[in-house]
>>> print(open('input24.cif').read())   # mmCIF, C-alpha atoms
data_data
loop_
_atom_site.label_atom_id
_atom_site.label_comp_id
_atom_site.auth_asym_id
_atom_site.auth_seq_id
_atom_site.Cartn_x
_atom_site.Cartn_y
_atom_site.Cartn_z
CA MET V 1 21.83 -5.76 14.10
CA PRO V 2 20.78 -5.38 17.75
CA LEU V 3 17.08 -5.12 18.52
CA ILE V 4 16.11 -2.43 21.02
CA THR V 5 12.86 -1.51 22.77
CA THR V 6 11.89 2.16 22.58
CA HIS V 7 10.04 4.13 25.24
CA ASP V 8 6.55 3.27 23.95
CA GLY V 9 7.33 -0.45 23.99
CA SER V 10 7.78 -0.80 20.22
CA HIS V 11 10.97 -2.17 18.73
CA SER V 12 13.67 -0.53 16.70
CA ILE V 13 17.02 -1.70 15.37
CA TYR V 14 20.44 -0.26 16.04
CA SER V 15 22.58 0.15 12.92
CA GLU V 16 26.16 -0.66 13.83
CA GLN V 17 27.22 0.55 10.39
CA TYR V 18 25.91 4.09 10.98
CA GLY V 19 25.84 4.22 14.77
CA VAL V 20 22.15 5.20 15.00
CA THR V 21 18.78 3.55 15.58
CA TYR V 22 16.17 3.19 12.84
CA HIS V 23 13.61 5.08 14.93
CA SER V 24 13.42 7.50 17.84
CA LYS V 25 14.34 5.99 21.20
CA PHE V 26 11.28 7.87 22.55
CA GLY V 27 8.99 5.53 20.60
CA ALA V 28 9.21 3.96 17.15
CA VAL V 29 5.44 3.68 16.65
CA THR V 30 4.85 7.06 18.30
CA GLU V 31 7.30 8.79 15.96
CA SER V 32 5.91 7.17 12.82
CA ALA V 33 2.33 7.94 13.82
CA HIS V 34 3.15 11.60 14.44
CA VAL V 35 5.50 12.39 11.57
CA PHE V 36 4.34 10.20 8.70
CA ILE V 37 0.75 9.17 9.40
CA ALA V 38 -0.68 12.29 11.07
CA ALA V 39 1.37 15.02 9.35
CA GLY V 40 1.62 13.17 6.06
CA LEU V 41 -1.02 10.59 5.16
CA ARG V 42 -3.94 12.08 7.10
CA TYR V 43 -3.05 15.54 5.84
CA LYS V 44 -3.30 14.38 2.22
CA ALA V 45 -6.32 12.17 2.93
CA ALA V 46 -8.28 15.27 3.95
CA VAL V 47 -8.31 16.39 0.30
CA GLN V 48 -7.91 13.21 -1.79
CA ARG V 49 -8.53 9.47 -1.62
CA ASP V 50 -5.97 8.28 -4.18
CA ILE V 51 -2.46 8.84 -2.80
CA ALA V 52 0.88 7.80 -4.29
CA ILE V 53 3.59 7.61 -1.63
CA LEU V 54 7.37 7.36 -1.88
CA GLU V 55 9.28 6.28 1.21
CA THR V 56 13.01 6.91 1.24
CA GLY V 57 14.29 4.38 3.74
CA PHE V 58 11.90 1.39 3.88
CA GLY V 59 13.95 -0.06 6.75
CA THR V 60 11.89 -2.05 9.23
CA GLY V 61 8.67 -1.62 7.24
CA LEU V 62 6.93 0.20 10.08
CA ASN V 63 5.83 3.23 8.04
CA ALA V 64 4.55 1.04 5.22
CA PHE V 65 2.63 -1.23 7.61
CA MET V 66 1.03 1.68 9.46
CA THR V 67 0.11 3.28 6.13
CA TRP V 68 -1.54 0.04 5.00
CA LEU V 69 -3.61 -0.10 8.19
CA GLU V 70 -4.57 3.58 7.91
CA ALA V 71 -5.55 3.22 4.24
CA GLU V 72 -7.99 0.46 5.19
CA ARG V 73 -9.44 2.45 8.10
CA ARG V 74 -10.01 5.51 5.92
CA ASN V 75 -11.00 3.70 2.71
CA LEU V 76 -8.07 5.19 0.78
CA ASN V 77 -6.37 3.96 -2.37
CA VAL V 78 -2.64 4.03 -1.69
CA ARG V 79 0.18 3.13 -4.07
CA TYR V 80 3.36 2.82 -2.04
CA LEU V 81 6.97 2.64 -3.20
CA GLY V 82 9.69 2.03 -0.62
CA LEU V 83 13.37 2.46 -1.42
CA GLU V 84 15.95 0.52 0.56
CA ALA V 85 19.60 -0.02 -0.37
CA TYR V 86 20.37 -2.17 2.70
CA PRO V 87 17.37 -4.39 3.51
CA VAL V 88 16.69 -5.61 7.04
CA PRO V 89 17.22 -9.40 7.10
CA GLU V 90 13.99 -11.36 7.17
CA GLU V 91 14.86 -13.09 10.46
CA GLU V 92 15.19 -9.68 12.12
CA ALA V 93 11.85 -8.56 10.68
CA HIS V 94 10.29 -11.65 12.32
CA ALA V 95 11.43 -10.38 15.72
CA LEU V 96 9.80 -6.93 15.43
CA ASN V 97 6.68 -6.46 17.56
CA TYR V 98 4.77 -3.92 15.45
CA PRO V 99 1.55 -5.90 14.82
CA LEU V 100 1.24 -6.59 18.55
CA GLY V 101 2.10 -3.02 19.52
CA LEU V 102 -0.45 -1.63 17.06
CA GLY V 103 -3.18 -3.85 18.46
CA CYS V 104 -3.47 -6.16 15.49
CA PRO V 105 -1.44 -9.31 16.19
CA GLU V 106 -3.58 -11.11 13.63
CA ARG V 107 -1.87 -9.01 10.94
CA SER V 108 1.60 -10.41 11.64
CA ALA V 109 1.65 -12.29 8.35
CA ASP V 110 0.73 -9.10 6.52
CA PHE V 111 3.62 -7.25 8.14
CA LEU V 112 6.04 -10.01 7.19
CA ALA V 113 4.70 -10.00 3.63
CA LEU V 114 6.23 -6.53 3.22
CA HIS V 115 9.65 -8.07 3.85
CA GLN V 116 9.08 -11.34 2.03
CA CYS V 117 7.52 -10.14 -1.22
CA GLU V 118 9.53 -9.92 -4.42
CA TRP V 119 11.48 -6.74 -5.09
CA ALA V 120 10.70 -4.31 -7.93
CA VAL V 121 7.19 -5.73 -8.50
CA PRO V 122 3.92 -3.99 -7.49
CA HIS V 123 1.92 -6.16 -5.08
CA PRO V 124 -1.82 -5.47 -4.55
CA LEU V 125 -1.80 -6.50 -0.89
CA SER V 126 -5.39 -5.34 -0.42
CA GLU V 127 -7.98 -3.35 -2.31
CA HIS V 128 -6.64 -0.26 -0.53
CA PHE V 129 -2.88 -0.81 -0.68
CA VAL V 130 -0.55 -1.57 -3.60
CA PHE V 131 3.01 -2.02 -2.40
CA GLU V 132 6.37 -2.07 -4.15
CA LYS V 133 9.92 -1.99 -2.80
CA ARG V 134 13.13 -1.42 -4.70
CA LYS V 135 16.75 -1.98 -3.78
CA HIS V 136 17.77 1.48 -4.82
CA ARG V 137 20.03 4.21 -3.49
CA ILE V 138 18.09 7.33 -2.58
CA GLU V 139 20.67 9.64 -4.09
CA GLU V 140 20.26 7.94 -7.48
CA PHE V 141 16.45 7.92 -7.57
CA GLU V 142 14.61 9.97 -10.19
CA GLN V 143 10.94 9.61 -11.07
CA PRO V 144 9.41 13.01 -11.89
CA ASP V 145 5.82 14.11 -11.25
CA THR V 146 4.72 10.82 -9.69
CA PHE V 147 4.04 11.13 -5.96
CA ASP V 148 1.53 12.96 -3.79
CA LEU V 149 3.52 12.38 -0.62
CA ILE V 150 7.12 11.58 0.33
CA TYR V 151 8.09 10.03 3.64
CA PHE V 152 11.71 11.12 3.93
CA ASP V 153 12.96 8.72 6.58
CA ALA V 154 16.67 8.33 5.90
CA PHE V 155 19.12 8.17 8.78
CA ALA V 156 19.92 11.58 10.26
CA PRO V 157 22.19 14.04 8.41
CA GLN V 158 25.12 13.42 10.75
CA ALA V 159 24.93 9.67 10.00
CA GLN V 160 24.28 9.80 6.24
CA PRO V 161 25.10 13.32 4.97
CA GLU V 162 25.09 12.08 1.37
CA LEU V 163 21.30 11.67 1.56
CA TRP V 164 20.62 15.25 2.68
CA THR V 165 22.15 17.17 -0.22
CA GLU V 166 20.74 19.79 -2.54
CA GLU V 167 20.85 17.28 -5.40
CA VAL V 168 18.80 14.71 -3.49
CA PHE V 169 16.12 17.21 -2.52
CA ALA V 170 15.96 18.63 -6.02
CA ASN V 171 15.11 15.08 -7.13
CA MET V 172 12.55 14.79 -4.34
CA TYR V 173 10.98 18.08 -5.45
CA ARG V 174 10.71 16.86 -9.04
CA ALA V 175 9.33 13.48 -7.89
CA LEU V 176 6.31 15.18 -6.32
CA LYS V 177 3.22 16.23 -8.21
CA THR V 178 2.16 19.85 -7.90
CA GLU V 179 0.89 20.45 -4.33
CA GLY V 180 2.61 17.27 -3.20
CA ALA V 181 4.16 17.18 0.26
CA LEU V 182 7.33 15.84 1.88
CA VAL V 183 7.36 15.03 5.59
CA THR V 184 10.33 14.20 7.79
CA TYR V 185 11.39 14.16 11.42
CA CYS V 186 14.34 16.46 10.65
CA ALA V 187 14.11 20.19 11.40
CA GLN V 188 17.72 21.34 11.11
CA GLY V 189 18.18 24.86 9.82
CA HIS V 190 20.61 23.93 7.03
CA PHE V 191 18.24 21.22 5.85
CA LYS V 192 15.29 23.62 5.68
CA ARG V 193 17.38 26.17 3.78
CA THR V 194 18.27 23.44 1.28
CA LEU V 195 14.59 22.63 0.80
CA LYS V 196 13.81 26.28 0.10
CA LYS V 197 16.74 26.57 -2.29
CA VAL V 198 15.41 23.79 -4.55
CA GLY V 199 11.88 25.26 -4.57
CA PHE V 200 10.00 23.83 -1.61
CA THR V 201 7.69 25.87 0.60
CA VAL V 202 8.60 24.84 4.13
CA GLU V 203 6.34 24.49 7.16
CA ARG V 204 7.49 23.89 10.73
CA LEU V 205 5.33 21.57 12.81
CA GLN V 206 5.48 20.34 16.38
CA GLY V 207 7.76 17.36 16.60
CA PRO V 208 7.14 13.93 18.14
CA PRO V 209 8.28 13.18 21.70
CA GLY V 210 11.96 14.02 22.06
CA LYS V 211 11.97 16.57 19.22
CA ARG V 212 10.74 20.16 19.37
CA GLU V 213 9.95 20.41 15.65
CA MET V 214 9.53 18.43 12.44
CA THR V 215 9.21 19.56 8.82
CA ARG V 216 6.52 19.43 6.15
CA ALA V 217 7.40 20.90 2.76
CA PHE V 218 5.39 21.41 -0.42
CA ARG V 219 5.91 21.60 -4.14
#
>>> encode(input="input24.cif", output="structure tokens")
Amino acid sequence: MPLITTHDGSHSIYSEQYGVTYHSKFGAVTESAHVFIAAGLRYKAAVQRDIAILETGFGTGLNAFMTWLEAERRNLNVRYLGLEAYPVPEEEAHALNYPLGLGCPERSADFLALHQCEWAVPHPLSEHFVFEKRKHRIEEFEQPDTFDLIYFDAFAPQAQPELWTEEVFANMYRALKTEGALVTYCAQGHFKRTLKKVGFTVERLQGPPGKREMTRAFR
């Protein structure tokens, strides 16, 4: 899959299968920092230190890596589960420049560990971050009342409409604990109506560069 450089200098990958990039062309790190770290992790960290996170679309590992770094900075206890049906090949992960772009080139081995570690096994990568990844289709995932926060980072609805259905978001709703939150870059009207239909309370937030809005929703 072709490697691209986004506007903030950080890498992304172009999926030839779906015809889209894994991250915003306006900045991979910028988008993840805005949508998932600021609106998601920091929002929950303001009220609790133990946070269970589900990521739908592990992909390049950027969200997981940034979450690991943030958990250490804020002295959080994060348990992280990433779902990925089509893993990025390890040689492509080696080419990604996230540790350098995030100002921690010494953590390159840690970033690669996310891609190299065994699947379906929890890995205590630090005292603040327990990581697990599963080769699992999002639309088949069910694990009720488990997570404080969901990073919904699937490809856009026009690329993978099967991941943006009422059934999928009903499962996401059930996967959250009470007062849990789901964050995503998407702000389409039909998508937000689907969230409300399955029970979510929906909040519109300012989007990252290139997008007017993003969505945070609550159980």
>>> resolve_selection(input="input24.cif", expression="the PyMOL selection byres ((chain V and resi 173) around 8)", output="list in words")
Phe169, Ala170, Asn171, Met172, Arg174, Ala175, Leu176, Val198, Gly199, Phe200 and Arg219 of chain V
>>> atom_distance(input="input24.cif", atom1="atom CA of V:Glu213", atom2="atom CA of V:Ser10")
21.8 Å
>>> atom_distance(input="input24.cif", atom1="atom CA of V:Val168", atom2="atom CA of V:Glu140")
8.0 Å
>>> closest_residue(input="input24.cif", among="V:Leu3, V:Ala187, V:Val47, V:Ile53", to="V:Tyr80", atoms="all atoms listed in the file")
V:Ile53
>>> resolve_selection(input="input24.cif", expression="the PyMOL selection byres ((chain V and resi 191) around 12)", output="PyMOL selection string")
chain V and resi 156-158+161+163-166+168-169+184-190+192-198+200+202+214-217
>>> write_last_selection(input="input24.cif", atoms="C-alpha atoms", output="tab-separated table (two decimals), in the coordinates of the input")
chain	number	residue	atom	x	y	z
V	156	ALA	CA	19.92	11.58	10.26
V	157	PRO	CA	22.19	14.04	8.41
V	158	GLN	CA	25.12	13.42	10.75
V	161	PRO	CA	25.10	13.32	4.97
V	163	LEU	CA	21.30	11.67	1.56
V	164	TRP	CA	20.62	15.25	2.68
V	165	THR	CA	22.15	17.17	-0.22
V	166	GLU	CA	20.74	19.79	-2.54
V	168	VAL	CA	18.80	14.71	-3.49
V	169	PHE	CA	16.12	17.21	-2.52
V	184	THR	CA	10.33	14.20	7.79
V	185	TYR	CA	11.39	14.16	11.42
V	186	CYS	CA	14.34	16.46	10.65
V	187	ALA	CA	14.11	20.19	11.40
V	188	GLN	CA	17.72	21.34	11.11
V	189	GLY	CA	18.18	24.86	9.82
V	190	HIS	CA	20.61	23.93	7.03
V	192	LYS	CA	15.29	23.62	5.68
V	193	ARG	CA	17.38	26.17	3.78
V	194	THR	CA	18.27	23.44	1.28
V	195	LEU	CA	14.59	22.63	0.80
V	196	LYS	CA	13.81	26.28	0.10
V	197	LYS	CA	16.74	26.57	-2.29
V	198	VAL	CA	15.41	23.79	-4.55
V	200	PHE	CA	10.00	23.83	-1.61
V	202	VAL	CA	8.60	24.84	4.13
V	214	MET	CA	9.53	18.43	12.44
V	215	THR	CA	9.21	19.56	8.82
V	216	ARG	CA	6.52	19.43	6.15
V	217	ALA	CA	7.40	20.90	2.76
>>> resolve_selection(input="input24.cif", expression="the PyMOL selection byres ((chain V and resi 106-119) around 12)", output="PDB file with C-alpha atoms, in the coordinates of the input")
ATOM      1  CA  PHE V  58      11.900   1.390   3.880  1.00  0.00           C
ATOM      2  CA  GLY V  59      13.950  -0.060   6.750  1.00  0.00           C
ATOM      3  CA  THR V  60      11.890  -2.050   9.230  1.00  0.00           C
ATOM      4  CA  GLY V  61       8.670  -1.620   7.240  1.00  0.00           C
ATOM      5  CA  LEU V  62       6.930   0.200  10.080  1.00  0.00           C
ATOM      6  CA  ASN V  63       5.830   3.230   8.040  1.00  0.00           C
ATOM      7  CA  ALA V  64       4.550   1.040   5.220  1.00  0.00           C
ATOM      8  CA  PHE V  65       2.630  -1.230   7.610  1.00  0.00           C
ATOM      9  CA  MET V  66       1.030   1.680   9.460  1.00  0.00           C
ATOM     10  CA  THR V  67       0.110   3.280   6.130  1.00  0.00           C
ATOM     11  CA  TRP V  68      -1.540   0.040   5.000  1.00  0.00           C
ATOM     12  CA  LEU V  69      -3.610  -0.100   8.190  1.00  0.00           C
ATOM     13  CA  TYR V  80       3.360   2.820  -2.040  1.00  0.00           C
ATOM     14  CA  LEU V  81       6.970   2.640  -3.200  1.00  0.00           C
ATOM     15  CA  GLY V  82       9.690   2.030  -0.620  1.00  0.00           C
ATOM     16  CA  LEU V  83      13.370   2.460  -1.420  1.00  0.00           C
ATOM     17  CA  GLU V  84      15.950   0.520   0.560  1.00  0.00           C
ATOM     18  CA  ALA V  85      19.600  -0.020  -0.370  1.00  0.00           C
ATOM     19  CA  PRO V  87      17.370  -4.390   3.510  1.00  0.00           C
ATOM     20  CA  VAL V  88      16.690  -5.610   7.040  1.00  0.00           C
ATOM     21  CA  PRO V  89      17.220  -9.400   7.100  1.00  0.00           C
ATOM     22  CA  GLU V  90      13.990 -11.360   7.170  1.00  0.00           C
ATOM     23  CA  GLU V  91      14.860 -13.090  10.460  1.00  0.00           C
ATOM     24  CA  GLU V  92      15.190  -9.680  12.120  1.00  0.00           C
ATOM     25  CA  ALA V  93      11.850  -8.560  10.680  1.00  0.00           C
ATOM     26  CA  HIS V  94      10.290 -11.650  12.320  1.00  0.00           C
ATOM     27  CA  ALA V  95      11.430 -10.380  15.720  1.00  0.00           C
ATOM     28  CA  LEU V  96       9.800  -6.930  15.430  1.00  0.00           C
ATOM     29  CA  ASN V  97       6.680  -6.460  17.560  1.00  0.00           C
ATOM     30  CA  TYR V  98       4.770  -3.920  15.450  1.00  0.00           C
ATOM     31  CA  PRO V  99       1.550  -5.900  14.820  1.00  0.00           C
ATOM     32  CA  LEU V 100       1.240  -6.590  18.550  1.00  0.00           C
ATOM     33  CA  GLY V 101       2.100  -3.020  19.520  1.00  0.00           C
ATOM     34  CA  LEU V 102      -0.450  -1.630  17.060  1.00  0.00           C
ATOM     35  CA  GLY V 103      -3.180  -3.850  18.460  1.00  0.00           C
ATOM     36  CA  CYS V 104      -3.470  -6.160  15.490  1.00  0.00           C
ATOM     37  CA  PRO V 105      -1.440  -9.310  16.190  1.00  0.00           C
ATOM     38  CA  ALA V 120      10.700  -4.310  -7.930  1.00  0.00           C
ATOM     39  CA  VAL V 121       7.190  -5.730  -8.500  1.00  0.00           C
ATOM     40  CA  PRO V 122       3.920  -3.990  -7.490  1.00  0.00           C
ATOM     41  CA  HIS V 123       1.920  -6.160  -5.080  1.00  0.00           C
ATOM     42  CA  PRO V 124      -1.820  -5.470  -4.550  1.00  0.00           C
ATOM     43  CA  LEU V 125      -1.800  -6.500  -0.890  1.00  0.00           C
ATOM     44  CA  SER V 126      -5.390  -5.340  -0.420  1.00  0.00           C
ATOM     45  CA  PHE V 129      -2.880  -0.810  -0.680  1.00  0.00           C
ATOM     46  CA  VAL V 130      -0.550  -1.570  -3.600  1.00  0.00           C
ATOM     47  CA  PHE V 131       3.010  -2.020  -2.400  1.00  0.00           C
ATOM     48  CA  GLU V 132       6.370  -2.070  -4.150  1.00  0.00           C
ATOM     49  CA  LYS V 133       9.920  -1.990  -2.800  1.00  0.00           C
ATOM     50  CA  ARG V 134      13.130  -1.420  -4.700  1.00  0.00           C
ATOM     51  CA  LYS V 135      16.750  -1.980  -3.780  1.00  0.00           C
ATOM     52  CA  HIS V 136      17.770   1.480  -4.820  1.00  0.00           C
TER      53      HIS V 136
END
>>> closest_residue(input="input24.cif", among="V:Glu179, V:Glu139, V:Asp145, V:Asp50", to="V:Gln160", atoms="only C-alpha atoms")
V:Glu139
>>> residues_near_point(input="input24.cif", point="(11.9, 5.0, 24.7)", cutoff="6 Å", atoms="only C-alpha atoms", output="MDAnalysis selection string")
chainID V and resid 6:8 25:27
>>> closest_residue(input="input24.cif", among="V:Glu127, V:Glu167, V:Glu162, V:Glu203", to="V:Glu142", atoms="only C-alpha atoms")
V:Glu167
>>> closest_residue(input="input24.cif", among="V:Ile4, V:Ile138, V:Val20, V:Ala38", to="V:Glu55", atoms="all atoms listed in the file")
V:Ile138
>>> atom_distance(input="input24.cif", atom1="atom CA of V:Ile13", atom2="atom CA of V:Ala28")
9.8 Å
>>> axis_aligned_box(input="input24.cif", around="stretch 143-161 of chain V", padding_each_side="3 Å", output="lines of an AutoDock Vina configuration file")
center_x = 13.3
center_y = 11.1
center_z = -0.6
size_x = 29.6
size_y = 11.9
size_z = 28.6
>>> residues_around(input="input24.cif", residues="V:Phe147", least_positions_apart="3", cutoff="9 Å", atoms="all atoms listed in the file", output="VMD selection string")
chain V and resid 51 to 54 143 to 144 150 175 to 177 180 to 181
>>> residues_near_point(input="input24.cif", point="(-6.4, 11.2, -0.6)", cutoff="12 Å", atoms="only C-alpha atoms", output="JSON, numbers by chain")
{"V": [40, 41, 42, 43, 44, 45, 46, 47, 48, 49, 50, 51, 52, 53, 70, 71, 74, 75, 76, 77, 78, 79, 128, 147, 148, 149, 180]}
>>> build_atoms(input="input24.cif", residues="stretch 141-167 of chain V", atoms="N, CA and C atoms", output="PDB file, in the coordinates of the input")
ATOM      1  N   PHE V 141      17.843   8.115  -7.179  1.00  0.00           N
ATOM      2  CA  PHE V 141      16.450   7.920  -7.570  1.00  0.00           C
ATOM      3  C   PHE V 141      15.901   9.148  -8.293  1.00  0.00           C
ATOM      4  N   GLU V 142      15.292   8.911  -9.443  1.00  0.00           N
ATOM      5  CA  GLU V 142      14.610   9.970 -10.190  1.00  0.00           C
ATOM      6  C   GLU V 142      13.341   9.400 -10.803  1.00  0.00           C
ATOM      7  N   GLN V 143      12.216  10.018 -10.498  1.00  0.00           N
ATOM      8  CA  GLN V 143      10.940   9.610 -11.070  1.00  0.00           C
ATOM      9  C   GLN V 143      10.001  10.819 -11.015  1.00  0.00           C
ATOM     10  N   PRO V 144      10.104  11.715 -11.986  1.00  0.00           N
ATOM     11  CA  PRO V 144       9.410  13.010 -11.890  1.00  0.00           C
ATOM     12  C   PRO V 144       7.886  12.909 -11.899  1.00  0.00           C
ATOM     13  N   ASP V 145       7.266  13.866 -11.191  1.00  0.00           N
ATOM     14  CA  ASP V 145       5.820  14.110 -11.250  1.00  0.00           C
ATOM     15  C   ASP V 145       4.985  12.866 -10.973  1.00  0.00           C
ATOM     16  N   THR V 146       5.355  12.117  -9.942  1.00  0.00           N
ATOM     17  CA  THR V 146       4.720  10.820  -9.690  1.00  0.00           C
ATOM     18  C   THR V 146       3.989  10.753  -8.363  1.00  0.00           C
ATOM     19  N   PHE V 147       4.498  11.397  -7.323  1.00  0.00           N
ATOM     20  CA  PHE V 147       4.040  11.130  -5.960  1.00  0.00           C
ATOM     21  C   PHE V 147       3.282  12.307  -5.357  1.00  0.00           C
ATOM     22  N   ASP V 148       2.283  11.959  -4.554  1.00  0.00           N
ATOM     23  CA  ASP V 148       1.530  12.960  -3.790  1.00  0.00           C
ATOM     24  C   ASP V 148       2.193  13.252  -2.451  1.00  0.00           C
ATOM     25  N   LEU V 149       2.976  12.288  -1.977  1.00  0.00           N
ATOM     26  CA  LEU V 149       3.520  12.380  -0.620  1.00  0.00           C
ATOM     27  C   LEU V 149       4.847  11.631  -0.561  1.00  0.00           C
ATOM     28  N   ILE V 150       5.837  12.239   0.086  1.00  0.00           N
ATOM     29  CA  ILE V 150       7.120  11.580   0.330  1.00  0.00           C
ATOM     30  C   ILE V 150       7.340  11.480   1.832  1.00  0.00           C
ATOM     31  N   TYR V 151       7.600  10.249   2.286  1.00  0.00           N
ATOM     32  CA  TYR V 151       8.090  10.030   3.640  1.00  0.00           C
ATOM     33  C   TYR V 151       9.616  10.028   3.553  1.00  0.00           C
ATOM     34  N   PHE V 152      10.241  11.107   3.980  1.00  0.00           N
ATOM     35  CA  PHE V 152      11.710  11.120   3.930  1.00  0.00           C
ATOM     36  C   PHE V 152      12.220  10.646   5.285  1.00  0.00           C
ATOM     37  N   ASP V 153      12.634   9.373   5.317  1.00  0.00           N
ATOM     38  CA  ASP V 153      12.960   8.720   6.580  1.00  0.00           C
ATOM     39  C   ASP V 153      14.344   8.086   6.529  1.00  0.00           C
ATOM     40  N   ALA V 154      15.271   8.777   5.888  1.00  0.00           N
ATOM     41  CA  ALA V 154      16.670   8.330   5.900  1.00  0.00           C
ATOM     42  C   ALA V 154      17.264   8.540   7.288  1.00  0.00           C
ATOM     43  N   PHE V 155      18.404   7.895   7.540  1.00  0.00           N
ATOM     44  CA  PHE V 155      19.120   8.170   8.780  1.00  0.00           C
ATOM     45  C   PHE V 155      19.478   9.654   8.839  1.00  0.00           C
ATOM     46  N   ALA V 156      19.705  10.155  10.036  1.00  0.00           N
ATOM     47  CA  ALA V 156      19.920  11.580  10.260  1.00  0.00           C
ATOM     48  C   ALA V 156      21.111  12.129   9.477  1.00  0.00           C
ATOM     49  N   PRO V 157      21.122  13.436   9.220  1.00  0.00           N
ATOM     50  CA  PRO V 157      22.190  14.040   8.410  1.00  0.00           C
ATOM     51  C   PRO V 157      23.592  13.750   8.928  1.00  0.00           C
ATOM     52  N   GLN V 158      23.779  13.681  10.234  1.00  0.00           N
ATOM     53  CA  GLN V 158      25.120  13.420  10.750  1.00  0.00           C
ATOM     54  C   GLN V 158      25.562  11.987  10.494  1.00  0.00           C
ATOM     55  N   ALA V 159      24.601  11.073  10.280  1.00  0.00           N
ATOM     56  CA  ALA V 159      24.930   9.670  10.000  1.00  0.00           C
ATOM     57  C   ALA V 159      25.100   9.411   8.508  1.00  0.00           C
ATOM     58  N   GLN V 160      24.235   9.986   7.689  1.00  0.00           N
ATOM     59  CA  GLN V 160      24.280   9.800   6.240  1.00  0.00           C
ATOM     60  C   GLN V 160      24.161  11.147   5.527  1.00  0.00           C
ATOM     61  N   PRO V 161      25.188  11.988   5.593  1.00  0.00           N
ATOM     62  CA  PRO V 161      25.100  13.320   4.970  1.00  0.00           C
ATOM     63  C   PRO V 161      24.871  13.269   3.475  1.00  0.00           C
ATOM     64  N   GLU V 162      25.262  12.182   2.828  1.00  0.00           N
ATOM     65  CA  GLU V 162      25.090  12.080   1.370  1.00  0.00           C
ATOM     66  C   GLU V 162      23.635  12.014   0.954  1.00  0.00           C
ATOM     67  N   LEU V 163      22.730  11.751   1.893  1.00  0.00           N
ATOM     68  CA  LEU V 163      21.300  11.670   1.560  1.00  0.00           C
ATOM     69  C   LEU V 163      20.561  12.968   1.836  1.00  0.00           C
ATOM     70  N   TRP V 164      21.263  13.991   2.290  1.00  0.00           N
ATOM     71  CA  TRP V 164      20.620  15.250   2.680  1.00  0.00           C
ATOM     72  C   TRP V 164      21.192  16.416   1.869  1.00  0.00           C
ATOM     73  N   THR V 165      21.510  16.168   0.626  1.00  0.00           N
ATOM     74  CA  THR V 165      22.150  17.170  -0.220  1.00  0.00           C
ATOM     75  C   THR V 165      21.137  17.924  -1.074  1.00  0.00           C
ATOM     76  N   GLU V 166      21.580  19.017  -1.628  1.00  0.00           N
ATOM     77  CA  GLU V 166      20.740  19.790  -2.540  1.00  0.00           C
ATOM     78  C   GLU V 166      20.296  18.946  -3.723  1.00  0.00           C
ATOM     79  N   GLU V 167      21.186  18.120  -4.243  1.00  0.00           N
ATOM     80  CA  GLU V 167      20.850  17.280  -5.400  1.00  0.00           C
ATOM     81  C   GLU V 167      19.735  16.297  -5.065  1.00  0.00           C
TER      82      GLU V 167
END
